[in-house]
file work-v4.tsv (TSV, C-alpha atoms and all ligand atoms)
chain	number	residue	atom	x	y	z
R	1	MET	CA	13.49	22.93	-3.62
R	2	LYS	CA	16.48	20.55	-3.76
R	3	ALA	CA	17.61	19.64	-7.26
R	4	ALA	CA	19.46	16.40	-6.56
R	5	GLY	CA	19.89	13.75	-3.90
R	6	PRO	CA	18.72	10.26	-3.07
R	7	ILE	CA	15.19	9.04	-2.57
R	8	ALA	CA	14.93	7.83	1.03
R	9	VAL	CA	13.05	4.53	1.43
R	10	THR	CA	12.07	3.55	4.98
R	11	GLY	CA	11.41	-0.12	5.59
R	12	ALA	CA	13.86	-0.88	2.77
R	13	ALA	CA	14.58	-4.37	4.12
R	14	GLY	CA	10.92	-5.43	4.16
R	15	LEU	CA	8.78	-7.21	1.58
R	16	LEU	CA	7.62	-4.06	-0.18
R	17	GLY	CA	10.80	-2.13	0.58
R	18	ARG	CA	13.06	-4.58	-1.24
R	19	ALA	CA	10.84	-4.43	-4.33
R	20	VAL	CA	10.65	-0.63	-4.20
R	21	VAL	CA	14.44	-0.31	-3.91
R	22	ALA	CA	14.87	-2.59	-6.94
R	23	GLU	CA	12.22	-0.67	-8.90
R	24	LEU	CA	13.77	2.74	-8.14
R	25	LEU	CA	17.32	1.59	-8.90
R	26	GLY	CA	16.07	0.02	-12.14
R	27	ALA	CA	14.67	3.42	-13.11
R	28	GLY	CA	18.06	5.04	-12.54
R	29	GLN	CA	17.27	6.66	-9.18
R	30	GLU	CA	19.72	7.01	-6.31
R	31	VAL	CA	18.33	5.38	-3.15
R	32	LEU	CA	19.04	5.64	0.58
R	33	GLY	CA	17.52	2.70	2.47
R	34	LEU	CA	16.49	3.29	6.09
R	35	ASP	CA	15.64	0.33	8.30
R	36	ARG	CA	16.41	-1.28	11.63
R	37	VAL	CA	17.80	-4.30	9.83
R	38	PRO	CA	20.10	-4.53	6.80
R	39	THR	CA	18.81	-5.31	3.34
R	40	ALA	CA	20.42	-8.11	1.35
R	41	THR	CA	23.26	-6.91	-0.87
R	42	VAL	CA	21.93	-4.36	-3.35
R	43	ALA	CA	23.95	-3.32	-6.39
R	44	GLY	CA	23.84	0.13	-7.95
R	45	ARG	CA	23.40	3.61	-6.55
R	46	TYR	CA	22.29	2.34	-3.15
R	47	ARG	CA	23.35	3.21	0.39
R	48	GLU	CA	21.68	2.20	3.59
R	49	ARG	CA	21.58	3.49	7.09
R	50	LEU	CA	20.51	1.34	10.01
R	51	LEU	CA	18.38	3.23	12.49
R	52	ASP	CA	15.22	3.08	14.54
R	53	LEU	CA	12.70	5.50	13.07
R	54	LEU	CA	11.45	6.16	16.60
R	55	ASP	CA	14.70	8.12	17.04
R	56	ARG	CA	13.59	11.52	15.79
R	57	ALA	CA	17.05	13.11	15.76
R	58	GLY	CA	18.48	10.14	13.84
R	59	VAL	CA	15.70	10.44	11.27
R	60	GLU	CA	16.41	14.15	10.85
R	61	ARG	CA	20.08	13.47	10.18
R	62	ALA	CA	19.28	10.65	7.75
R	63	LEU	CA	16.90	12.73	5.63
R	64	GLU	CA	19.04	15.86	5.43
R	65	ASP	CA	20.28	15.33	1.86
R	66	CYS	CA	17.26	13.51	0.39
R	67	VAL	CA	14.94	14.90	-2.27
R	68	THR	CA	12.00	12.52	-1.85
R	69	LEU	CA	10.75	10.31	0.97
R	70	VAL	CA	9.08	6.93	0.52
R	71	HIS	CA	7.79	5.77	3.91
R	72	LEU	CA	7.03	2.07	4.03
R	73	ALA	CA	8.30	1.03	7.49
R	74	ALA	CA	5.61	-0.17	9.86
R	75	LEU	CA	4.46	-3.01	12.02
R	76	PRO	CA	2.31	-4.27	9.15
R	77	SER	CA	-0.57	-6.10	10.86
R	78	PRO	CA	-2.54	-6.12	14.12
R	79	HIS	CA	-0.62	-9.26	15.04
R	80	ALA	CA	2.84	-7.66	14.72
R	81	GLY	CA	2.80	-6.47	18.34
R	82	THR	CA	0.47	-5.43	21.12
R	83	PRO	CA	-2.15	-2.87	20.08
R	84	ALA	CA	-0.16	-0.18	21.91
R	85	GLU	CA	3.06	-1.17	20.10
R	86	VAL	CA	1.43	-1.32	16.67
R	87	TRP	CA	-0.32	2.02	17.12
R	88	GLY	CA	2.70	3.64	18.77
R	89	VAL	CA	5.33	2.51	16.25
R	90	ASN	CA	3.23	3.23	13.18
R	91	THR	CA	2.00	6.67	14.17
R	92	THR	CA	5.22	7.84	15.86
R	93	THR	CA	7.52	6.75	13.04
R	94	THR	CA	5.20	8.40	10.50
R	95	GLY	CA	5.09	11.61	12.53
R	96	ASN	CA	8.89	11.54	12.84
R	97	VAL	CA	9.58	11.03	9.14
R	98	LEU	CA	7.02	13.64	8.05
R	99	ALA	CA	8.40	16.25	10.44
R	100	ALA	CA	11.99	15.44	9.44
R	101	ALA	CA	11.09	15.55	5.74
R	102	GLN	CA	9.54	18.96	6.17
R	103	ALA	CA	12.58	20.22	8.07
R	104	ALA	CA	14.86	18.85	5.35
R	105	GLY	CA	12.96	20.66	2.59
R	106	ILE	CA	11.67	17.45	1.00
R	107	CYS	CA	8.76	18.32	-1.27
R	108	ARG	CA	7.39	14.89	-2.18
R	109	VAL	CA	6.42	12.09	0.18
R	110	VAL	CA	4.88	8.72	-0.66
R	111	LEU	CA	3.33	6.70	2.16
R	112	ALA	CA	2.26	3.05	2.15
R	113	SER	CA	-1.23	2.88	3.57
R	114	SER	CA	-3.58	-0.05	3.65
R	115	GLN	CA	-7.12	-0.89	2.68
R	116	SER	CA	-7.43	-2.00	6.29
R	117	ALA	CA	-7.93	1.73	7.09
R	118	LEU	CA	-11.49	1.16	5.88
R	119	GLY	CA	-12.06	-1.35	8.67
R	120	PHE	CA	-12.94	-4.43	6.61
R	121	PRO	CA	-10.16	-7.05	6.70
R	122	TYR	CA	-9.41	-7.19	10.43
R	123	ALA	CA	-12.93	-6.59	11.78
R	124	ALA	CA	-14.20	-9.30	14.14
R	125	ASP	CA	-17.36	-9.69	12.05
R	126	ILE	CA	-17.75	-9.20	8.35
R	127	VAL	CA	-18.56	-5.59	7.48
R	128	THR	CA	-20.73	-4.81	4.48
R	129	PRO	CA	-19.33	-1.99	2.32
R	130	ARG	CA	-21.74	0.91	1.78
R	131	TYR	CA	-21.28	0.52	-1.98
R	132	LEU	CA	-19.15	-1.13	-4.64
R	133	PRO	CA	-16.63	-0.56	-5.97
R	134	VAL	CA	-15.04	0.91	-2.84
R	135	ASP	CA	-13.37	4.18	-3.78
R	136	GLU	CA	-11.24	6.64	-1.84
R	137	GLN	CA	-14.36	8.45	-0.55
R	138	HIS	CA	-15.78	5.42	1.23
R	139	PRO	CA	-16.16	5.95	5.01
R	140	CYS	CA	-13.44	4.42	7.22
R	141	GLU	CA	-14.41	2.55	10.39
R	142	PRO	CA	-11.30	0.75	11.67
R	143	SER	CA	-11.78	-1.44	14.74
R	144	ASP	CA	-8.20	-2.52	15.55
R	145	ALA	CA	-4.97	-0.69	16.33
R	146	TYR	CA	-3.25	-1.49	13.03
R	147	SER	CA	-6.13	-0.34	10.82
R	148	ALA	CA	-6.61	2.75	12.98
R	149	SER	CA	-2.89	3.52	12.74
R	150	LYS	CA	-2.97	3.38	8.94
R	151	LEU	CA	-5.93	5.78	8.87
R	152	ALA	CA	-4.14	8.06	11.35
R	153	CYS	CA	-1.04	8.08	9.13
R	154	GLU	CA	-3.15	9.15	6.16
R	155	ILE	CA	-4.57	12.00	8.25
R	156	LEU	CA	-1.07	12.99	9.38
R	157	ALA	CA	0.14	13.06	5.78
R	158	GLU	CA	-2.79	15.23	4.75
R	159	ALA	CA	-2.14	17.57	7.67
R	160	PHE	CA	1.52	18.02	6.67
R	161	SER	CA	0.44	18.73	3.08
R	162	ARG	CA	-1.94	21.42	4.24
R	163	GLY	CA	1.12	23.23	5.56
R	164	GLY	CA	1.84	23.86	1.90
R	165	SER	CA	5.48	22.81	1.54
R	166	MET	CA	5.06	19.07	0.92
R	167	ASP	CA	3.05	17.03	-1.56
R	168	THR	CA	2.04	13.66	-0.12
R	169	VAL	CA	0.62	10.61	-1.86
R	170	CYS	CA	-0.87	7.83	0.28
R	171	LEU	CA	-1.23	4.51	-1.50
R	172	ARG	CA	-3.85	2.17	-0.10
R	173	PHE	CA	-2.72	-1.39	-0.74
R	174	PRO	CA	-4.62	-4.63	-0.23
R	175	VAL	CA	-2.66	-7.71	0.85
R	176	ILE	CA	0.64	-7.70	-1.04
R	177	TRP	CA	1.52	-10.99	-2.69
R	178	ASP	CA	5.07	-12.13	-3.38
R	179	PRO	CA	5.42	-14.23	-6.57
R	180	ALA	CA	7.98	-16.44	-4.80
R	181	ARG	CA	5.14	-17.53	-2.45
R	182	HIS	CA	2.45	-18.04	-5.10
R	183	VAL	CA	1.23	-21.41	-3.81
R	184	GLU	CA	1.11	-20.24	-0.20
R	185	HIS	CA	-0.86	-17.07	-0.95
R	186	ILE	CA	-3.33	-18.86	-3.20
R	187	SER	CA	-3.90	-21.68	-0.70
R	188	ARG	CA	-4.47	-19.20	2.10
R	189	ARG	CA	-7.02	-17.19	0.08
R	190	LEU	CA	-8.91	-20.24	-1.17
R	191	GLY	CA	-8.75	-21.98	2.22
R	192	ALA	CA	-10.22	-19.03	4.15
R	193	PRO	CA	-13.42	-17.89	2.40
R	194	LEU	CA	-14.47	-15.55	5.22
R	195	GLN	CA	-11.11	-13.75	5.17
R	196	GLY	CA	-11.33	-13.55	1.37
R	197	ALA	CA	-14.71	-11.85	1.69
R	198	LYS	CA	-13.44	-9.48	4.40
R	199	SER	CA	-10.61	-8.54	2.05
R	200	LEU	CA	-13.12	-8.06	-0.78
R	201	TRP	CA	-11.04	-10.62	-2.74
R	202	ALA	CA	-8.37	-7.98	-3.41
R	203	TYR	CA	-4.60	-8.42	-3.71
R	204	ILE	CA	-1.64	-6.85	-5.43
R	205	ASP	CA	1.56	-8.37	-6.78
R	206	VAL	CA	4.53	-6.83	-4.96
R	207	ARG	CA	6.08	-5.79	-8.31
R	208	ASP	CA	2.96	-3.81	-9.17
R	209	ALA	CA	2.91	-2.26	-5.70
R	210	ALA	CA	6.54	-1.19	-6.14
R	211	ARG	CA	5.84	0.33	-9.55
R	212	ALA	CA	2.96	2.34	-8.08
R	213	VAL	CA	5.32	3.68	-5.41
R	214	ARG	CA	7.86	4.72	-8.06
R	215	LEU	CA	5.19	6.41	-10.20
R	216	ALA	CA	3.94	8.29	-7.14
R	217	ALA	CA	7.50	9.32	-6.20
R	218	GLU	CA	8.15	10.59	-9.73
R	219	SER	CA	4.72	12.19	-10.22
R	220	GLU	CA	3.74	15.83	-10.26
R	221	VAL	CA	0.68	15.21	-8.06
R	222	ALA	CA	0.22	18.31	-5.92
R	223	GLY	CA	-1.14	18.65	-2.38
R	224	TYR	CA	-2.52	15.50	-0.77
R	225	GLU	CA	-3.70	12.50	-2.75
R	226	LEU	CA	-5.11	9.18	-1.56
R	227	LEU	CA	-5.12	6.39	-4.13
R	228	ASN	CA	-6.39	2.82	-4.16
R	229	ILE	CA	-3.64	0.62	-5.58
R	230	THR	CA	-5.14	-2.76	-6.24
R	231	SER	CA	-5.25	-5.48	-8.83
R	232	ALA	CA	-7.63	-4.71	-11.67
R	233	ARG	CA	-9.11	-8.21	-11.15
R	234	ALA	CA	-10.35	-9.87	-7.99
R	235	PHE	CA	-8.85	-13.20	-6.96
R	236	ALA	CA	-11.87	-15.19	-5.87
R	237	PRO	CA	-13.06	-18.79	-5.92
R	238	GLU	CA	-16.25	-17.90	-7.81
R	239	PRO	CA	-17.54	-15.11	-10.04
R	240	MET	CA	-17.90	-11.85	-8.16
R	241	HIS	CA	-21.64	-11.36	-8.66
R	242	GLY	CA	-22.36	-14.65	-6.84
R	243	LEU	CA	-19.89	-13.93	-4.02
R	244	VAL	CA	-21.23	-10.46	-3.38
R	245	GLY	CA	-24.78	-11.83	-3.24
R	246	THR	CA	-23.72	-14.54	-0.78
R	247	TRP	CA	-21.53	-12.52	1.58
R	248	PHE	CA	-23.20	-9.12	1.33
R	249	PRO	CA	-26.91	-9.84	0.76
R	250	ASP	CA	-27.89	-6.33	1.95
R	251	LEU	CA	-25.56	-4.56	-0.45
R	252	THR	CA	-27.63	-2.97	-3.19
R	253	ASP	CA	-25.59	0.08	-4.19
R	254	ILE	CA	-23.44	-1.57	-6.85
R	255	ARG	CA	-22.07	0.96	-9.30
R	256	VAL	CA	-20.25	-1.22	-11.85
R	257	PRO	CA	-21.32	-4.38	-13.66
R	258	LEU	CA	-20.08	-7.25	-11.49
R	259	ASP	CA	-18.64	-9.60	-14.03
R	260	ALA	CA	-16.61	-12.65	-13.10
R	261	GLU	CA	-13.42	-10.90	-11.93
R	262	THR	CA	-14.47	-7.29	-11.31
R	263	ALA	CA	-12.32	-5.73	-8.60
R	264	ALA	CA	-14.33	-4.60	-5.56
R	265	PHE	CA	-11.97	-1.62	-5.15
R	266	ASP	CA	-12.05	1.25	-7.59
R	267	TRP	CA	-8.58	1.74	-9.07
R	268	ARG	CA	-9.50	4.39	-11.66
R	269	LYS	CA	-8.19	7.35	-9.68
R	270	ALA	CA	-4.67	5.82	-9.61
R	271	ARG	CA	-4.87	5.33	-13.36
R	272	ALA	CA	-5.93	8.97	-13.84
R	273	ARG	CA	-3.33	10.47	-11.48
R	274	LEU	CA	-0.35	8.17	-12.00
R	275	GLY	CA	-1.10	6.30	-15.21
R	276	PHE	CA	-0.99	3.17	-13.04
R	277	THR	CA	-2.71	-0.12	-13.75
R	278	THR	CA	-1.54	-3.51	-12.57
R	279	ARG	CA	0.50	-5.77	-14.83
R	280	TYR	CA	0.39	-9.05	-12.91
R	281	ALA	CA	-2.81	-11.09	-12.70
R	282	TRP	CA	-2.83	-14.08	-10.37
R	283	TYR	CA	-4.55	-17.38	-11.11
R	284	PRO	CA	-4.41	-20.61	-9.09
R	285	ASP	CA	-1.84	-22.19	-11.40
R	286	ARG	CA	0.09	-19.19	-12.71
R	287	ILE	CA	0.75	-15.46	-12.70
R	288	LEU	CA	0.02	-13.77	-15.99
R	289	ALA	CA	2.02	-10.72	-17.02
R	290	VAL	CA	-0.50	-8.42	-18.67
R	291	ASP	CA	0.50	-5.63	-21.01
R	292	VAL	CA	4.05	-5.57	-19.63
R	293	HIS	CA	5.25	-3.45	-22.53
R	294	GLY	CA	2.23	-1.16	-22.59
Q	301	LIG	N1	2.32	-6.73	3.35
Q	301	LIG	C1	1.06	-6.41	3.07
Q	301	LIG	O1	0.23	-7.27	2.71
Q	301	LIG	C2	0.61	-4.97	3.18
Q	301	LIG	C3	-0.70	-4.64	2.80
Q	301	LIG	C4	-1.11	-3.31	2.85
Q	301	LIG	C5	-0.24	-2.32	3.29
Q	301	LIG	N2	1.02	-2.68	3.70
Q	301	LIG	C6	1.92	-1.61	4.18
Q	301	LIG	O2	3.09	-1.63	3.38
Q	301	LIG	C7	4.22	-1.24	4.16
Q	301	LIG	C8	5.33	-2.28	4.02
Q	301	LIG	O3	4.85	-3.51	4.48
Q	301	LIG	P1	5.73	-4.84	4.34
Q	301	LIG	O4	4.80	-5.96	4.10
Q	301	LIG	O5	6.86	-4.60	3.43
Q	301	LIG	O6	6.26	-4.98	5.84
Q	301	LIG	P2	7.59	-5.70	6.36
Q	301	LIG	O7	7.35	-6.08	7.78
Q	301	LIG	O8	8.02	-6.75	5.40
Q	301	LIG	O9	8.65	-4.52	6.29
Q	301	LIG	C9	8.57	-3.43	7.19
Q	301	LIG	C10	10.00	-2.95	7.44
Q	301	LIG	O10	9.93	-1.82	8.33
Q	301	LIG	C11	11.00	-1.93	9.25
Q	301	LIG	N3	10.66	-1.21	10.48
Q	301	LIG	C12	9.58	-1.39	11.26
Q	301	LIG	N4	9.64	-0.57	12.32
Q	301	LIG	C13	10.79	0.14	12.19
Q	301	LIG	C14	11.42	1.15	12.98
Q	301	LIG	N5	10.89	1.57	14.15
Q	301	LIG	N6	12.59	1.66	12.55
Q	301	LIG	C15	13.16	1.23	11.39
Q	301	LIG	N7	12.62	0.27	10.61
Q	301	LIG	C16	11.44	-0.25	11.02
Q	301	LIG	C17	11.18	-3.42	9.49
Q	301	LIG	O11	12.49	-3.73	9.97
Q	301	LIG	C18	10.88	-4.01	8.12
Q	301	LIG	O12	12.06	-4.21	7.36
Q	301	LIG	C19	3.70	-1.05	5.58
Q	301	LIG	O13	3.48	0.32	5.79
Q	301	LIG	C20	2.38	-1.80	5.60
Q	301	LIG	O14	1.48	-1.27	6.53
Q	301	LIG	C21	1.47	-3.96	3.64
call {"tool": "encode", "arguments": {"input": "work-v4.tsv", "output": "C-alpha cells", "more": "lines below"}}
Ligand SMILES: NC(=O)c1ccc[n+]([C@@H]2O[C@H](COP(=O)([O-])OP(=O)(O)OC[C@H]3O[C@@H](n4cnc5c(N)ncnc54)[C@H](O)[C@@H]3O)[C@@H](O)[C@H]2O)c1
result
Amino acid sequence: MKAAGPIAVTGAAGLLGRAVVAELLGAGQEVLGLDRVPTATVAGRYRERLLDLLDRAGVERALEDCVTLVHLAALPSPHAGTPAEVWGVNTTTTGNVLAAAQAAGICRVVLASSQSALGFPYAADIVTPRYLPVDEQHPCEPSDAYSASKLACEILAEAFSRGGSMDTVCLRFPVIWDPARHVEHISRRLGAPLQGAKSLWAYIDVRDAARAVRLAAESEVAGYELLNITSARAFAPEPMHGLVGTWFPDLTDIRVPLDAETAAFDWRKARARLGFTTRYAWYPDRILAVDVHG
C-alpha cells in the first residue's frame, strides 16, 4: 500500500468536483484534479491534469502516484448527450479509472452515484417505491441510459472490490443543490410538483455532498459499500405524510413515522459508516446551517 501521494479527483472542474477539491484541500490533503476542462484557480496543494478519461493509457499515467481515487466525472443526466453517449462515457470512464486505480495500487476509491439508479426521478411515469424510507437494499429499476449507467458503475465498483485489493464506496446522491443558486433550485422544485414527487422530495447541499466524499475517502470502510447521502429533511411544499398519501396512494409499507419533513431516503447507514449527517437544511427563504460545529 502506498504511504503518501495525492488524492485524484476526476471531474474536478464540475459542480461537485470544485466543492470536493475545496473540502479536501481544507482538510490538508494533497489533490490532483483530472478533467477535460480546467478548474478555476485553486490555491494550496493542488495540481491538475487535463485529459479525457476515455483515454485509458492517459488515465493510467495520471493515477500512477495517487493514493486514493475520487471519481466524480460523468455526463450527469439523461439529457447530457444521446443515450449511447451517456451510457458509453459513464461506464467506460468508470471502467478505465477503476482498472487504472487497481494497476496503480490504489486501495481506496470513492464513486459518485445517483439515486436515479433506483429508477425514480427520470422514469416517464411516476414509480411508487416498494417501501419508505428507501434504503440501499431497495430494488433498482432504471429506465433510461443515465440511471442505468449509474447502476452499472455501482456494479463495476463492487466487482473491482471483490478482487480484494481495493475498497470502494459508492455514494448515492439526490439532486445536488448549489447555495449560489438557492432561488433557482427552490423555484424549480416548487414549480414542478410531479418532478418533486419523482425525486421523493430529496436534495443535498453541495457542501454536504463534498464532506461526505471526504469522509468516505478518509474512512476505513472495507470491501464495497453503498451509501445513501441525502439531506436529513425533505424539501417539499407540504408535510410528507400528505404528499405520500397523494402521490403514492398504494404505498402502505412505511417504516418510519412520516412527520412534516421526514426524508424519504434512509441516511442512517451513512451515519453509521462515515459519521455523516447533513449540516445544511434548505427552506424557501434561507439555508440553515445545522450543528456546524458538532
Ligand atoms: N448534479 C447532481 O444533481 C447530481 C446528482 C446525483 C449524482 N450526481 C453525480 O455526481 C457526479 C458529479 O456531477 P456534477 O453535477 O458535478 O457534474 P458536472 O457536469 O458539473 O461535472 C462533471 C465533470 O466531469 C467532467 N467530465 C465528463 N466527462 C469527462 C471525460 N470523458 N473526461 C474528463 N472529464 C470529464 C466534465 O468536464 C465536468 O467538469 C456525477 O458522477 C453525477 O452523476 C450529480
call {"tool": "residues_around", "arguments": {"input": "work-v4.tsv", "residues": "region 8-11 of chain R", "least_positions_apart": "5", "cutoff": "6 Å", "atoms": "all atoms listed in the file", "output": "short mmCIF file (atom, residue, chain, number, x, y, z; two decimals) with C-alpha atoms, in the coordinates of the input"}}
result
data_model
loop_
_atom_site.label_atom_id
_atom_site.label_comp_id
_atom_site.auth_asym_id
_atom_site.auth_seq_id
_atom_site.Cartn_x
_atom_site.Cartn_y
_atom_site.Cartn_z
CA GLY R 17 10.80 -2.13 0.58
CA VAL R 31 18.33 5.38 -3.15
CA LEU R 32 19.04 5.64 0.58
CA GLY R 33 17.52 2.70 2.47
CA LEU R 34 16.49 3.29 6.09
CA ASP R 35 15.64 0.33 8.30
CA LEU R 69 10.75 10.31 0.97
CA VAL R 70 9.08 6.93 0.52
CA HIS R 71 7.79 5.77 3.91
CA LEU R 72 7.03 2.07 4.03
CA ALA R 73 8.30 1.03 7.49
#
call {"tool": "closest_residue", "arguments": {"input": "work-v4.tsv", "among": "R:Val290, R:Leu243, R:Val21, R:Val169", "to": "Ala216 (chain R)", "atoms": "only C-alpha atoms"}}
result
R:Val169
call {"tool": "closest_residue", "arguments": {"input": "work-v4.tsv", "among": "R:Val206, R:Val42, R:Ile254, R:Leu274", "to": "ligand LIG 301 (chain Q)", "atoms": "all atoms listed in the file"}}
result
R:Val206
call {"tool": "residues_near_ligand", "arguments": {"input": "work-v4.tsv", "ligand": "ligand LIG 301 (chain Q)", "cutoff": "8 Å", "atoms": "all atoms listed in the file", "output": "number ranges by chain"}}
result
R: 10-18, 34-37, 39, 50-54, 71-77, 89-90, 93, 111-116, 150, 172-177
call {"tool": "atom_distance", "arguments": {"input": "work-v4.tsv", "atom1": "CA of Glu23 (chain R)", "atom2": "CA of Gly95 (chain R)"}}
result
25.7 Å
call {"tool": "closest_residue", "arguments": {"input": "work-v4.tsv", "among": "R:Arg45, R:His138, R:Lys269, R:Arg61", "to": "Asn228 (chain R)", "atoms": "only C-alpha atoms"}}
result
R:Lys269
call {"tool": "residues_near_point", "arguments": {"input": "work-v4.tsv", "point": "(13.8, -1.0, -13.8)", "cutoff": "12 Å", "atoms": "only C-alpha atoms", "output": "ChimeraX atom specification"}}
result
/R:19-29,44,207,210-211,214-215
call {"tool": "write_last_selection", "arguments": {"input": "work-v4.tsv", "atoms": "C-alpha atoms", "output": "PDB file, in the frame of the given file"}}
result
ATOM      1  CA  ALA R  19      10.840  -4.430  -4.330  1.00  0.00           C
ATOM      2  CA  VAL R  20      10.650  -0.630  -4.200  1.00  0.00           C
ATOM      3  CA  VAL R  21      14.440  -0.310  -3.910  1.00  0.00           C
ATOM      4  CA  ALA R  22      14.870  -2.590  -6.940  1.00  0.00           C
ATOM      5  CA  GLU R  23      12.220  -0.670  -8.900  1.00  0.00           C
ATOM      6  CA  LEU R  24      13.770   2.740  -8.140  1.00  0.00           C
ATOM      7  CA  LEU R  25      17.320   1.590  -8.900  1.00  0.00           C
ATOM      8  CA  GLY R  26      16.070   0.020 -12.140  1.00  0.00           C
ATOM      9  CA  ALA R  27      14.670   3.420 -13.110  1.00  0.00           C
ATOM     10  CA  GLY R  28      18.060   5.040 -12.540  1.00  0.00           C
ATOM     11  CA  GLN R  29      17.270   6.660  -9.180  1.00  0.00           C
ATOM     12  CA  GLY R  44      23.840   0.130  -7.950  1.00  0.00           C
ATOM     13  CA  ARG R 207       6.080  -5.790  -8.310  1.00  0.00           C
ATOM     14  CA  ALA R 210       6.540  -1.190  -6.140  1.00  0.00           C
ATOM     15  CA  ARG R 211       5.840   0.330  -9.550  1.00  0.00           C
ATOM     16  CA  ARG R 214       7.860   4.720  -8.060  1.00  0.00           C
ATOM     17  CA  LEU R 215       5.190   6.410 -10.200  1.00  0.00           C
TER      18      LEU R 215
END
call {"tool": "atom_distance", "arguments": {"input": "work-v4.tsv", "atom1": "CA of Ile106 (chain R)", "atom2": "CA of Ile204 (chain R)"}}
result
28.4 Å
call {"tool": "residues_around", "arguments": {"input": "work-v4.tsv", "residues": "Pro193 (chain R)", "least_positions_apart": "3", "cutoff": "12 Å", "atoms": "only C-alpha atoms", "output": "list of chain:residue names"}}
result
R:Ile126, R:Ile186, R:Ser187, R:Arg188, R:Arg189, R:Leu190, R:Gly196, R:Ala197, R:Lys198, R:Ser199, R:Leu200, R:Trp201, R:Phe235, R:Ala236, R:Pro237, R:Glu238, R:Leu243, R:Thr246, R:Trp247
call {"tool": "atom_distance", "arguments": {"input": "work-v4.tsv", "atom1": "CA of Thr94 (chain R)", "atom2": "CA of Ala152 (chain R)"}}
result
9.4 Å
call {"tool": "closest_residue", "arguments": {"input": "work-v4.tsv", "among": "R:Thr230, R:Thr128, R:Thr262, R:Thr68", "to": "Glu218 (chain R)", "atoms": "all atoms listed in the file"}}
result
R:Thr68
call {"tool": "closest_residue", "arguments": {"input": "work-v4.tsv", "among": "R:Leu151, R:Val134, R:Val183, R:Val221", "to": "Thr168 (chain R)", "atoms": "only C-alpha atoms"}}
result
R:Val221
call {"tool": "axis_aligned_box", "arguments": {"input": "work-v4.tsv", "around": "region 195-207 of chain R", "padding_each_side": "3 Å", "output": "lines of an AutoDock Vina configuration file"}}
result
center_x = -4.3
center_y = -9.8
center_z = -1.6
size_x = 26.8
size_y = 14.0
size_z = 19.5
call {"tool": "residues_around", "arguments": {"input": "work-v4.tsv", "residues": "Asp178 (chain R)", "least_positions_apart": "3", "cutoff": "7 Å", "atoms": "only C-alpha atoms", "output": "ChimeraX atom specification"}}
result
/R:181-182,205-206
call {"tool": "closest_residue", "arguments": {"input": "work-v4.tsv", "among": "R:Ile287, R:Val127, R:Ala209, R:Ala43", "to": "Asp250 (chain R)", "atoms": "all atoms listed in the file"}}
result
R:Val127
call {"tool": "residues_around", "arguments": {"input": "work-v4.tsv", "residues": "Ala264 (chain R)", "least_positions_apart": "2", "cutoff": "10 Å", "atoms": "only C-alpha atoms", "output": "list in words"}}
result
Pro129, Tyr131, Leu132, Pro133, Val134, Asp135, Ser199, Leu200, Trp201, Ala202, Thr230, Ser231, Ala232, Arg233, Ala234, Met240, Val244, Ile254, Val256, Leu258, Glu261, Thr262, Asp266 and Trp267 of chain R
call {"tool": "residues_near_point", "arguments": {"input": "work-v4.tsv", "point": "(-0.3, 15.8, 8.2)", "cutoff": "12 Å", "atoms": "all atoms listed in the file", "output": "ChimeraX atom specification"}}
result
/R:91,94-99,101-102,109,111,151-170,223-225
